[in-house]
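> Have a look at the structure that comes next, please.
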Amino acid sequence: MSKSLSPQDLVSRLTFDWRIIRTMSSAQYVFTAHRTAQHAAAGTSPIGDERDARYAMHYRLQFNIPTLIGPGQ
């Protein structure tokens with residue numbers, strides 16, 4: 001049986017997750033945190049301040065990987 005996190009533990013966990021995702025972002029992989037699935041899907045209203053990390057319920061990952069687009073390119 002799984003146990004739900006207390007409100008305080010949930011805030012702590014969401015903030016921890018937000019911090020980890022921030023450190024994982026790079027030029028190739030850009031992670032953003034969002035309050036809603038709609039914001040994450042659209043890439044709007046990212047959570048950029050740790051004070052708001054408690055609201056980060058959805059994440060978006062953007063890959064910036066060069067690919068072959070044509071002969072020699």
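Lettering and numbering for the structure tokens are positional, with chains as A, B, ... in the shown order, residues counted from 1 in each chain, and ligands counted from 1 in the shown order.
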Once DSSP has gone over the backbone, tell me which residues of chain A are in strand (DSSP E or B), as a list of chain:residue names.

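Answer for chain A restricted to strand (DSSP E or B) is A:Tyr29, A:Val30, A:Phe31, A:Thr32, A:Ala33, A:His34, A:His58, A:Tyr59, A:Arg60, A:Leu61, A:Gln62, A:Phe63.
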
> From the list A:Ala41, A:Arg35, A:Gln28, A:Asp52, which residue is nearest A:Ser12 when using only C-alpha atoms?

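For A:Ser12, the nearest of the candidates is A:Asp52.
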
> If we count only C-alpha atoms, what is near stretch 5-10 of chain A at a cut-off of 10 Å, once residues fewer than 5 positions away on the same chain are taken out, given as a PyMOL selection string?

chain A and resi 15-16+54

> Smallest atom-to-atom distance to A:Ile65: which of A:Ala53, A:Ala37, A:Ala27, A:Ile47, using only C-alpha atoms?

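Result for the nearest residue to A:Ile65: A:Ala27.
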
> Could you find all residues in stretch 11-56 of chain A that DSSP calls helix (DSSP H, G or I) from the backbone, and write them as JSON, numbers by chain?

{"A": [11, 12, 13, 14, 15, 16, 17, 18, 19, 20, 21, 22, 23, 24, 37, 38, 39, 40, 41, 42, 50, 51, 52, 53, 54, 55]}

> For the atom pair atom CA of A:Gln62 and atom CA of A:Val11, what is the interatomic distance in Å to one decimal place?

25.2 Å

> Neighbours of A:Ala33 within 10 Å (only C-alpha atoms; same-chain residues fewer than 4 positions away dropped), as a list in words?

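Listing them by chain and then by number gives Asp17, Trp18, Ile21, Arg22, Ala37, His39, Ala40, Gly43, Thr44, Ser45, Pro46, Ile47, Gly48, Asp52, Ala53, Tyr55, Ala56, Met57, His58, Tyr59, Arg60 and Leu61 of chain A.
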
> The selected residues should be written to file as a CSV table (one decimal), in the first residue's frame (atoms: N, CA and C atoms).


```csv
chain,number,residue,atom,x,y,z
A,17,ASP,N,13.0,18.0,-6.8
A,17,ASP,CA,12.9,17.6,-8.2
A,17,ASP,C,13.2,18.8,-9.1
A,18,TRP,N,12.7,20.0,-8.8
A,18,TRP,CA,12.9,21.2,-9.5
A,18,TRP,C,14.4,21.5,-9.6
A,21,ILE,N,16.3,18.9,-11.9
A,21,ILE,CA,16.0,19.2,-13.3
A,21,ILE,C,16.8,20.4,-13.8
A,22,ARG,N,16.9,21.4,-12.9
A,22,ARG,CA,17.6,22.7,-13.3
A,22,ARG,C,19.1,22.3,-13.6
A,37,ALA,N,-0.3,20.9,-17.2
A,37,ALA,CA,0.1,20.1,-18.4
A,37,ALA,C,0.0,21.0,-19.7
A,39,HIS,N,0.5,24.3,-19.9
A,39,HIS,CA,1.6,25.2,-20.0
A,39,HIS,C,2.9,24.4,-20.4
A,40,ALA,N,3.0,23.2,-19.9
A,40,ALA,CA,4.2,22.3,-20.3
A,40,ALA,C,4.1,22.0,-21.8
A,43,GLY,N,4.9,25.1,-23.7
A,43,GLY,CA,6.2,25.7,-23.4
A,43,GLY,C,6.0,27.1,-22.8
A,44,THR,N,4.9,27.4,-22.2
A,44,THR,CA,4.6,28.7,-21.6
A,44,THR,C,4.7,28.7,-20.1
A,45,SER,N,4.9,29.8,-19.5
A,45,SER,CA,4.9,30.1,-18.1
A,45,SER,C,5.8,29.1,-17.3
A,46,PRO,N,7.0,29.0,-17.7
A,46,PRO,CA,7.9,28.1,-16.9
A,46,PRO,C,8.2,28.6,-15.5
A,47,ILE,N,8.4,27.7,-14.6
A,47,ILE,CA,8.7,28.1,-13.2
A,47,ILE,C,10.2,28.3,-13.1
A,48,GLY,N,10.7,29.5,-12.9
A,48,GLY,CA,12.1,29.8,-12.9
A,48,GLY,C,12.7,30.2,-11.6
A,52,ASP,N,8.8,29.2,-6.2
A,52,ASP,CA,7.6,28.7,-6.9
A,52,ASP,C,7.8,27.2,-7.2
A,53,ALA,N,8.9,26.6,-6.9
A,53,ALA,CA,9.1,25.2,-7.2
A,53,ALA,C,8.1,24.3,-6.7
A,55,TYR,N,5.1,24.4,-7.0
A,55,TYR,CA,4.0,24.3,-7.9
A,55,TYR,C,4.4,23.5,-9.2
A,56,ALA,N,5.6,23.1,-9.3
A,56,ALA,CA,6.1,22.4,-10.5
A,56,ALA,C,5.5,21.0,-10.5
A,57,MET,N,4.4,20.8,-11.2
A,57,MET,CA,3.8,19.5,-11.3
A,57,MET,C,4.0,18.8,-12.7
A,58,HIS,N,4.5,19.6,-13.6
A,58,HIS,CA,4.7,19.1,-15.0
A,58,HIS,C,6.0,19.6,-15.5
A,59,TYR,N,6.6,18.7,-16.3
A,59,TYR,CA,7.9,19.1,-16.9
A,59,TYR,C,7.9,19.0,-18.4
A,60,ARG,N,8.7,19.8,-19.0
A,60,ARG,CA,8.9,19.7,-20.5
A,60,ARG,C,10.4,19.5,-20.8
A,61,LEU,N,10.7,18.7,-21.8
A,61,LEU,CA,12.1,18.5,-22.2
A,61,LEU,C,12.2,18.8,-23.7
```

> Ranking A:Met24, A:Pro71, A:Leu14, A:Thr36 by minimum distance to A:Arg51 and counting only C-alpha atoms, which one comes first?

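Of A:Met24, A:Pro71, A:Leu14, A:Thr36, the one nearest A:Arg51 is A:Leu14, counting only C-alpha atoms.
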
> Quick one: pull the distance between atom CA of A:Asn64 and atom CA of A:Val30, Å, one decimal.

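Atom CA of A:Val30 lies 7.8 Å from atom CA of A:Asn64.
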
> Quick one: pull the distance between atom CA of A:Arg19 and atom CA of A:His34, Å, one decimal.

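Interatomic distance, atom CA of A:Arg19 to atom CA of A:His34: 13.4 Å.
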
> Could you check which of A:Thr23, A:Arg13, A:Ser4, A:Thr32 is closest to A:Phe63, using only C-alpha atoms?

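Closest to A:Phe63 of all the choices is A:Thr32.
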